[in-house]
file coords.txt (compact mmCIF, C-alpha atoms and all ligand atoms)
# COMPACT_ATOMS: atom_id res chain seq x y z
CA MET A 140 -1.43 28.53 -5.10
CA ASN A 141 -2.64 26.11 -2.55
CA THR A 142 -5.07 28.15 -0.45
CA LEU A 143 -8.00 26.35 1.07
CA PRO A 144 -11.40 27.16 -0.50
CA ASP A 145 -13.72 28.75 2.12
CA SER A 146 -16.31 26.04 1.62
CA LEU A 147 -13.81 23.48 2.91
CA ALA A 148 -12.47 25.44 5.85
CA GLY A 149 -13.60 25.13 9.45
CA LEU A 150 -14.66 21.51 9.90
CA ASP A 151 -14.70 20.68 13.59
CA GLU A 152 -12.41 18.05 15.01
CA PRO A 153 -14.04 14.65 14.49
CA ALA A 154 -15.99 13.27 17.42
CA THR A 155 -15.25 9.68 16.40
CA ARG A 156 -12.31 7.78 15.05
CA TYR A 157 -13.33 5.28 12.42
CA HIS A 158 -11.81 1.84 12.06
CA ALA A 159 -10.30 1.48 8.63
CA TYR A 160 -8.82 -1.13 6.32
CA LEU A 161 -6.45 0.31 3.74
CA LEU A 162 -6.12 -0.91 0.18
CA PHE A 163 -2.58 0.06 -0.62
CA GLY A 164 -0.66 -0.35 -3.86
CA MET A 165 0.61 1.28 -7.02
CA PRO A 166 -1.78 2.72 -9.61
CA GLY A 167 -3.22 -0.17 -11.57
CA SER A 168 -2.80 -2.68 -8.73
CA GLY A 169 -6.55 -3.18 -8.50
CA LYS A 170 -7.43 -1.23 -5.34
CA GLY A 171 -10.58 0.21 -6.89
CA THR A 172 -11.78 -3.13 -8.25
CA GLN A 173 -11.35 -4.91 -4.93
CA GLY A 174 -12.72 -1.96 -2.93
CA ALA A 175 -15.90 -1.83 -5.01
CA VAL A 176 -16.60 -5.53 -4.34
CA LEU A 177 -15.76 -5.39 -0.62
CA GLY A 178 -17.85 -2.24 -0.24
CA GLN A 179 -20.94 -4.31 -1.05
CA LEU A 180 -20.76 -5.84 2.43
CA PRO A 181 -23.13 -3.92 4.70
CA SER A 182 -20.51 -3.31 7.40
CA LEU A 183 -17.87 -1.90 5.02
CA ARG A 184 -17.84 1.57 3.45
CA HIS A 185 -15.58 1.79 0.44
CA ILE A 186 -14.12 5.25 -0.15
CA SER A 187 -11.86 5.90 -3.13
CA MET A 188 -10.09 9.24 -2.95
CA GLY A 189 -9.60 9.25 -6.72
CA ASP A 190 -13.36 8.72 -7.24
CA ILE A 191 -14.19 11.56 -4.86
CA PHE A 192 -11.93 13.89 -6.86
CA ARG A 193 -13.38 12.72 -10.18
CA LYS A 194 -16.94 13.45 -8.99
CA ILE A 195 -16.21 17.08 -8.14
CA PRO A 196 -17.49 19.15 -11.10
CA LYS A 197 -14.59 20.38 -13.19
CA TYR A 198 -16.16 23.76 -13.91
CA GLY A 199 -16.08 24.85 -10.25
CA ARG A 200 -13.17 26.40 -8.39
CA ILE A 201 -12.25 23.30 -6.39
CA GLY A 202 -12.73 20.95 -9.35
CA ARG A 203 -10.51 23.11 -11.56
CA GLU A 204 -7.79 23.19 -8.95
CA ILE A 205 -7.91 19.44 -8.48
CA GLU A 206 -7.81 18.71 -12.18
CA GLN A 207 -4.58 20.66 -12.55
CA TYR A 208 -2.93 17.95 -10.46
CA THR A 209 -4.80 14.79 -11.41
CA SER A 210 -4.56 15.33 -15.18
CA GLN A 211 -0.77 15.63 -14.85
CA GLY A 212 -0.43 12.58 -12.63
CA ARG A 213 0.56 14.74 -9.65
CA MET A 214 -0.70 14.42 -6.08
CA VAL A 215 -3.38 16.83 -4.93
CA PRO A 216 -1.94 18.85 -1.99
CA ASP A 217 -2.25 17.03 1.32
CA GLU A 218 -4.25 19.61 3.20
CA LEU A 219 -6.84 19.93 0.45
CA THR A 220 -7.08 16.14 0.12
CA VAL A 221 -7.63 15.57 3.83
CA ARG A 222 -10.18 18.40 4.04
CA ILE A 223 -12.19 16.97 1.14
CA PHE A 224 -12.03 13.49 2.66
CA ARG A 225 -13.31 14.78 6.00
CA GLN A 226 -16.07 16.70 4.28
CA HIS A 227 -17.02 13.49 2.48
CA LEU A 228 -17.18 11.60 5.81
CA HIS A 229 -19.33 14.37 7.17
CA ILE A 230 -21.85 13.99 4.34
CA LEU A 231 -21.98 10.21 4.82
CA GLU A 232 -22.54 10.78 8.56
CA LEU A 233 -25.39 13.21 7.88
CA GLN A 234 -26.98 10.66 5.56
CA GLU A 235 -26.50 8.01 8.25
CA LEU A 236 -24.55 5.95 5.76
CA LEU A 237 -21.60 5.97 8.12
CA ILE A 238 -21.98 5.06 11.77
CA ALA A 239 -18.82 4.53 13.81
CA ASP A 240 -19.82 1.41 15.73
CA GLN A 241 -21.43 -0.24 12.69
CA HIS A 242 -19.09 0.47 9.83
CA THR A 243 -15.45 0.01 8.98
CA LEU A 244 -13.98 2.16 6.23
CA ILE A 245 -12.22 0.54 3.35
CA LEU A 246 -9.94 3.25 2.02
CA ASP A 247 -8.47 3.17 -1.44
CA GLY A 248 -5.83 5.73 -2.38
CA LEU A 249 -5.70 7.37 1.04
CA PRO A 250 -3.37 8.01 2.77
CA ARG A 251 -1.03 8.31 -0.16
CA CYS A 252 1.99 9.76 1.63
CA TYR A 253 3.44 9.83 5.14
CA ALA A 254 2.15 13.35 5.86
CA GLN A 255 -1.42 12.30 5.02
CA ALA A 256 -1.10 9.27 7.33
CA GLU A 257 -0.10 11.62 10.15
CA MET A 258 -2.90 14.08 9.39
CA LEU A 259 -5.49 11.30 9.28
CA SER A 260 -4.46 9.62 12.51
CA SER A 261 -7.00 11.66 14.49
CA VAL A 262 -9.80 10.57 12.14
CA ILE A 263 -9.08 6.91 11.38
CA GLU A 264 -7.62 3.98 13.22
CA VAL A 265 -6.04 1.69 10.66
CA VAL A 266 -6.59 -1.91 11.74
CA GLN A 267 -5.35 -3.72 8.63
CA ILE A 268 -3.50 -2.81 5.46
CA PHE A 269 -3.75 -4.87 2.29
CA HIS A 270 -0.62 -4.23 0.31
CA LEU A 271 -1.45 -5.13 -3.28
CA GLY A 272 1.97 -5.78 -4.74
CA ILE A 273 2.79 -6.08 -8.42
CA LYS A 274 6.27 -7.35 -9.30
CA ASP A 275 6.08 -6.48 -12.99
CA THR A 276 5.30 -2.78 -13.45
CA LYS A 277 4.33 -3.51 -17.08
CA VAL A 278 1.24 -5.38 -15.82
CA ALA A 279 0.10 -2.25 -13.94
CA MET A 280 0.80 -0.07 -17.00
CA GLU A 281 -1.26 -2.32 -19.26
CA ARG A 282 -4.16 -2.26 -16.79
CA MET A 283 -4.03 1.54 -16.65
CA LYS A 284 -4.06 1.86 -20.44
CA ALA A 285 -7.08 -0.45 -20.63
CA ARG A 286 -8.79 1.61 -17.92
CA ALA A 287 -8.07 4.85 -19.83
CA LEU A 288 -10.19 3.63 -22.72
CA ARG A 289 -12.89 2.09 -20.53
CA GLU A 290 -13.32 5.00 -18.14
CA ASN A 291 -12.04 7.87 -20.25
CA ARG A 292 -9.50 8.81 -17.58
CA LEU A 293 -7.11 11.60 -18.50
CA ASP A 294 -4.51 10.46 -15.98
CA ASP A 295 -4.18 7.05 -17.63
CA MET A 296 -4.12 8.31 -21.22
CA ASN A 297 -0.47 8.87 -21.86
CA GLU A 298 2.72 7.08 -21.00
CA GLU A 299 4.48 10.12 -19.49
CA VAL A 300 1.65 10.73 -16.99
CA ILE A 301 1.50 7.03 -16.12
CA ARG A 302 5.28 6.96 -15.51
CA ARG A 303 5.05 10.02 -13.27
CA ARG A 304 2.34 8.36 -11.20
CA LEU A 305 4.37 5.18 -10.86
CA ASN A 306 7.45 7.22 -9.80
CA THR A 307 5.38 9.05 -7.21
CA TYR A 308 4.30 5.68 -5.88
CA TYR A 309 7.90 4.49 -5.43
CA GLU A 310 9.26 7.82 -4.17
CA ASP A 311 6.42 8.94 -1.88
CA THR A 312 3.49 6.62 -1.44
CA TYR A 313 5.41 3.44 -0.62
CA LYS A 314 7.03 5.13 2.41
CA THR A 315 3.58 5.61 3.94
CA LEU A 316 3.70 1.96 5.05
CA SER A 317 6.45 2.80 7.54
CA PHE A 318 3.97 4.95 9.49
CA TYR A 319 2.10 1.80 10.56
CA PRO A 320 3.15 -1.24 12.61
CA PRO A 321 4.46 -3.95 10.24
CA GLU A 322 2.19 -6.59 11.76
CA ILE A 323 -0.91 -4.93 10.29
CA VAL A 324 0.53 -4.96 6.76
CA TYR A 325 -0.61 -7.98 4.75
CA ASP A 326 1.01 -8.61 1.36
CA VAL A 327 -1.24 -9.76 -1.44
CA ASP A 328 0.04 -10.77 -4.88
CA ALA A 329 -1.96 -8.37 -7.06
CA GLY A 330 -0.57 -9.90 -10.24
CA GLN A 331 -3.02 -12.79 -9.77
CA CYS A 332 -6.44 -12.76 -11.39
CA MET A 333 -9.08 -10.65 -9.62
CA ILE A 334 -10.93 -13.50 -7.95
CA ASP A 335 -7.70 -14.86 -6.40
CA VAL A 336 -6.77 -11.42 -5.08
CA LEU A 337 -10.26 -11.12 -3.61
CA ARG A 338 -9.99 -14.57 -2.03
CA ASP A 339 -6.69 -13.64 -0.33
CA ILE A 340 -8.16 -10.41 1.03
CA VAL A 341 -11.36 -12.06 2.25
CA ASN A 342 -9.46 -14.89 3.97
CA ARG A 343 -7.36 -12.35 5.83
CA LEU A 344 -10.42 -10.26 6.74
CA ALA A 345 -12.05 -13.37 8.22
CA GLU A 346 -8.91 -14.01 10.33
CA VAL A 347 -8.79 -10.40 11.53
CA LYS A 348 -12.46 -10.60 12.51
CA THR A 349 -11.99 -13.84 14.43
CA ARG A 350 -8.95 -12.42 16.24
CA SER A 351 -10.71 -9.19 17.23
CA LEU A 352 -13.75 -11.15 18.46
CA ALA A 353 -11.44 -13.30 20.62
CA VAL A 354 -9.78 -10.16 22.09
CA HIS A 355 -13.21 -8.64 22.75
CA ARG A 356 -14.37 -11.80 24.58
CA LEU A 357 -11.18 -11.76 26.67
CA GLU A 358 -11.71 -8.10 27.59
CA VAL A 359 -15.36 -8.71 28.50
CA SER A 360 -14.46 -11.76 30.60
CA ARG A 361 -11.99 -9.59 32.57
CA ILE A 362 -14.67 -7.05 33.52
N1 LIG A 401 -4.62 10.64 -1.28
C1 LIG A 401 -4.39 11.38 -2.38
N2 LIG A 401 -3.62 12.47 -2.28
C2 LIG A 401 -3.37 13.25 -3.33
N3 LIG A 401 -3.83 13.00 -4.56
C3 LIG A 401 -4.60 11.91 -4.73
C4 LIG A 401 -4.94 11.04 -3.64
N4 LIG A 401 -5.73 10.05 -4.11
C5 LIG A 401 -5.90 10.27 -5.43
N5 LIG A 401 -5.23 11.39 -5.81
C6 LIG A 401 -5.19 11.98 -7.16
O1 LIG A 401 -6.16 11.32 -7.97
C7 LIG A 401 -5.53 10.59 -9.04
C8 LIG A 401 -6.30 9.29 -9.29
O2 LIG A 401 -6.26 8.49 -8.14
P1 LIG A 401 -6.77 6.98 -8.16
O3 LIG A 401 -8.09 6.91 -8.84
O4 LIG A 401 -6.67 6.47 -6.77
O5 LIG A 401 -5.71 6.27 -9.09
P2 LIG A 401 -5.11 4.82 -9.01
O6 LIG A 401 -6.24 3.88 -8.78
O7 LIG A 401 -4.50 4.68 -10.34
O8 LIG A 401 -4.11 4.82 -7.89
C9 LIG A 401 -4.08 10.41 -8.57
O9 LIG A 401 -3.17 10.24 -9.63
C10 LIG A 401 -3.85 11.74 -7.83
O10 LIG A 401 -3.64 12.80 -8.75
call {"tool": "encode", "arguments": {"input": "coords.txt", "output": "structure tokens"}}
result
Amino acid sequence: MNTLPDSLAGLDEPATRYHAYLLFGMPGSGKGTQGAVLGQLPSLRHISMGDIFRKIPKYGRIGREIEQYTSQGRMVPDELTVRIFRQHLHILELQELLIADQHTLILDGLPRCYAQAEMLSSVIEVVQIFHLGIKDTKVAMERMKARALRENRLDDMNEEVIRRRLNTYYEDTYKTLSFYPPEIVYDVDAGQCMIDVLRDIVNRLAEVKTRSLAVHRLEVSRI
């Protein structure tokens, strides 16, 4: 059953819409690795939906429900996912770790399907998507198996679960890109070594920044 826990019901509509960069790609494409590095910049807030789920205690009602999905390599239901994400934003806002005109979100693993993209459109404005593409699925599978040992992750432990997650990516997640204008999608070869992937992302971020500054100057000069 997919009823919403009371503790997650009733969040008000957001007052602000946050700018966001999306790290998009199949499991094992390196979203988390890149997000963790980029999140060190003071103006970026890295949020990994998978990490949020993993930090919810498994003995509680919500944690138990979530683990039923994650341990099987299935998607957590959209409404629950979006509620938890919004609650997370709320906590960061209360802690003043997230301020709309100072921070841009760097989202990893969210949205993960078209419906989530629609639901989130009132909360985030996606300004750039980094599509971390891997041509050889075996590379992603090897990375996930290595991560299973390193991080003790149930969802990376066995081949069947990994395959299910990769299928979900091709059947569901990939289509999410069509929700956004193609010009904001930037393809990065995620089969490269980490530092080269990072370089490609950072170069693009610098271009985006320069372009938005130029637009801002133009708008100001028109006033
Ligand atoms: N946006 C989401 N919607 C639904 N389920 C999600 C979402 N993000 C993460 N999950 C769940 O958490 C698991 C781990 O996610 P994540 O750490 O992002 O894995 P990966 O880095 O391999 O893509 C997913 O397999 C899924 O069960």
call {"tool": "atom_distance", "arguments": {"input": "coords.txt", "atom1": "atom CA of Asp190 of chain A", "atom2": "atom CA of Thr155 of chain A"}}
result
23.7 Å
call {"tool": "residues_near_ligand", "arguments": {"input": "coords.txt", "ligand": "ligand LIG 401 (chain A)", "cutoff": "7 Å", "atoms": "only C-alpha atoms and all ligand atoms", "output": "PyMOL selection string"}}
result
chain A and resi 165-167+170-171+187-190+192+208-210+212-217+220+247-251+294+304
call {"tool": "residues_around", "arguments": {"input": "coords.txt", "residues": "Ile273 of chain A", "least_positions_apart": "4", "cutoff": "7 Å", "atoms": "all atoms listed in the file", "output": "PyMOL selection string"}}
result
chain A and resi 168+328-330
call {"tool": "atom_distance", "arguments": {"input": "coords.txt", "atom1": "atom CA of Ser260 of chain A", "atom2": "atom CA of Ala175 of chain A"}}
result
23.9 Å
call {"tool": "closest_residue", "arguments": {"input": "coords.txt", "among": "A:Leu352, A:Val300, A:Val347, A:Val266", "to": "Tyr319 of chain A", "atoms": "all atoms listed in the file"}}
result
A:Val266
call {"tool": "closest_residue", "arguments": {"input": "coords.txt", "among": "A:Ala239, A:Met296, A:Ile268, A:Ala285", "to": "Gly164 of chain A", "atoms": "only C-alpha atoms"}}
result
A:Ile268
call {"tool": "atom_distance", "arguments": {"input": "coords.txt", "atom1": "atom CA of Gln211 of chain A", "atom2": "atom CA of His229 of chain A"}}
result
28.8 Å
call {"tool": "closest_residue", "arguments": {"input": "coords.txt", "among": "A:Val262, A:Glu346, A:Cys252, A:Ala279", "to": "Asp311 of chain A", "atoms": "only C-alpha atoms"}}
result
A:Cys252
